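**Student:** Got a structure here, written out as structure tokens. Questions coming.
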Amino acid sequence: MKYSERQVSSVRILQGTAASSGIAIGPAFVAEKISPHLGRQPVRKPVQELKRMETAFAAAKQEIEQICEKACKGIGEEESMIFQVHIMMLEDETFRQEIMDRILYDHTSAEYAVWRSGRKMYDMFSHLDSEYMRARAEDMADISRRLMRCLDQPGEPEPPAYLCTPVILCLSQAVPSEIAQTNRSEILGFITQYGSTTAHSAILARGMHKPAVLGLNDAFDELHTGAEVIVDGCNGRVILEPTAQVRCRYASLQQTGGQTEQKQKQET
């Protein structure tokens with residue numbers, strides 16, 4: 001969805017896609033964008049790269065299985081099935097064979113082979129007619145990043161810096177594993193530059209009952225770490241640096257929503 005910007009009573013409002021309902025108010029944390037390009041890296045001993053690649057595949061599968069187990073307990077069994085899809089994509093014979101062929105016949109590094117093959121699959125999914133299948137490009141990006149990290153830094157990854165305090169997490173491209181591994185108490189809501197309501201990251205945000213607005217596109221660059229923002233997950237709006245009046249109005253809506261939800265639970 002193409003974003004639109006409006007100036008309402010001197011308050012900056014960015015329009016995206018409503019992906020998970022609710023209101024979140026708090027400081028933004030804009031995660032660092034991951035470089036979209038990796039230069040070709042020739043190697044002299046492809047056999048060693050193949051061994052590294054096999055180890056990375058095994059490590060990535062183990063990590064995804066752990067994320068799946070955690071998601072099943074913390075978010076829901078249905079949402080955790082997303083990561084069963086990741087394992088299937090990771091073990092896809094065409095994907096794996098293309099990576100191995102690039103290493104063996106082109107004498108490229110394992111990292112470059114993963115990046116190039118992952119990018120090819122990402123582009124393929126992105127251009128499919130089905131919106132659901134286009135959203136699978138996000139999953140391929142997630143899998144490729146995990147494989148590259150397993151090649152570069154084997155073992156448990158360092159916890160993200162934003163887990164230190166409650167924030168509204170702003171991601172250029174949300175990936176399901178990053179959403180699933182966030183601590184619920186530390187994440188107030190989500191904002192992304194790209195993405196759609198059919199993306200697995202959006203499904204996870206809804207499963208976590210966290211407000212989310214996706215697809216801000218170029219307007220995403222207006223977000224800055226530490227700046228106060230409001231996420232209106234019902235209308236797909238992000239309000240930058242709200243005035244006291246606007247903040248009070250949204251805080252009232254947030255409170256009313258919480259009371260309504262609590263009342264419904266008591267009635268059921």
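Letters A, B, ... go to the chains of the structure tokens in the order shown; residues in each chain start at 1; ligands are counted from 1 in the same order.
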Quick one: which region 138-244 of chain A residues come within 10 Å of region 73-85 of chain A, and what is the nearest atom pair for each with the distance in Å to one decimal, counting only C-alpha atoms, rows ordered by chain and ascending number, as a Markdown table?
**Tutor:**
```
| residue | atom | partner | partner_atom | distance |
| --- | --- | --- | --- | --- |
| A:Asp139 | CA | A:Val85 | CA | 8.7 |
| A:Pro176 | CA | A:Ile82 | CA | 8.1 |
| A:Ser177 | CA | A:Phe83 | CA | 8.1 |
| A:Ala180 | CA | A:Ile75 | CA | 8.0 |
| A:Gln181 | CA | A:Gly74 | CA | 9.7 |
| A:Asn183 | CA | A:Gly74 | CA | 9.7 |
| A:Arg184 | CA | A:Gly74 | CA | 9.1 |
| A:His200 | CA | A:Ile82 | CA | 6.8 |
| A:Ser201 | CA | A:Ile82 | CA | 9.4 |
| A:Ile203 | CA | A:Glu79 | CA | 7.1 |
| A:Leu204 | CA | A:Glu79 | CA | 6.2 |
| A:Ala205 | CA | A:Ile75 | CA | 9.3 |
| A:Arg206 | CA | A:Ile75 | CA | 9.4 |
| A:Gly207 | CA | A:Ile75 | CA | 5.8 |
| A:Met208 | CA | A:Ile75 | CA | 5.8 |
| A:His209 | CA | A:Ile75 | CA | 9.2 |
```
**Student:** Using only C-alpha atoms, please write the residues we just selected to a file, as a PDB file, in the first residue's frame.
**Tutor:**
```
ATOM      1  CA  ASP A 139      10.338 -15.823   5.031  1.00  0.00           C
ATOM      2  CA  PRO A 176       9.111 -13.692  11.604  1.00  0.00           C
ATOM      3  CA  SER A 177      11.942 -15.017  13.778  1.00  0.00           C
ATOM      4  CA  ALA A 180       8.778 -14.255  17.654  1.00  0.00           C
ATOM      5  CA  GLN A 181      11.917 -13.801  19.752  1.00  0.00           C
ATOM      6  CA  ASN A 183      10.048 -10.171  24.792  1.00  0.00           C
ATOM      7  CA  ARG A 184       6.370  -9.233  24.986  1.00  0.00           C
ATOM      8  CA  HIS A 200       4.007 -14.133   8.775  1.00  0.00           C
ATOM      9  CA  SER A 201       5.384 -11.235  10.846  1.00  0.00           C
ATOM     10  CA  ILE A 203       0.309 -12.935  11.880  1.00  0.00           C
ATOM     11  CA  LEU A 204       2.754 -13.177  14.792  1.00  0.00           C
ATOM     12  CA  ALA A 205       2.084  -9.572  15.851  1.00  0.00           C
ATOM     13  CA  ARG A 206      -1.633 -10.352  15.972  1.00  0.00           C
ATOM     14  CA  GLY A 207      -0.926 -13.528  17.922  1.00  0.00           C
ATOM     15  CA  MET A 208       1.040 -11.458  20.443  1.00  0.00           C
ATOM     16  CA  HIS A 209      -1.794  -8.884  20.605  1.00  0.00           C
TER      17      HIS A 209
END
```
**Student:** At a cut-off of 10 Å, using only C-alpha atoms, what residues contact Glu222 (chain A)? Leave out same-chain residues fewer than 2 positions from it and give the result as a list in words.
**Tutor:**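 My reading of the contact set: Arg12, Leu14, Leu216, Asp218, Ala219, Phe220, His224 and Leu240 of chain A.
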**Student:** Do you know which residues are at most 8 Å from Ile191 (chain A) counting only C-alpha atoms, after dropping those on the same chain fewer than 4 positions away, and could you put them as a list in words?
**Tutor:**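 Counting only C-alpha atoms, the residues come to Ile168, Leu169, Cys170, Leu171, Ala212, Val213, Leu214, Leu216 and Val231 of chain A.
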**Student:** Check region 116-160 of chain A with DSSP on the backbone and list each residue it calls helix (DSSP H, G or I), as a ChimeraX atom specification.
**Tutor:** /A:116-126,131-134,136-152
**Student:** Need the shell around Gly118 (chain A): protein/DNA/RNA residues with any atom at most 10 Å away, counting only C-alpha atoms. Skip same-chain ones fewer than 5 positions apart. Format as a list of chain:residue names?
**Tutor:**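 Using only C-alpha atoms, the neighbours found are A:Phe95, A:Arg96, A:Glu98, A:Ile99, A:Tyr112, A:Ala113, A:Asp123, A:Met124, A:Ala137, A:Met140, A:Ala141, A:Asp142, A:Ile143, A:Ser144, A:Arg145, A:Leu147.
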**Student:** Excluding same-chain residues fewer than 3 positions from Ile25 (chain A), what lies within 8 Å of it counting only C-alpha atoms, as a list in words?
**Tutor:** Ile168, Leu188, Glu228, Val229, Ile230, Val231, Arg247 and Ala251 of chain A
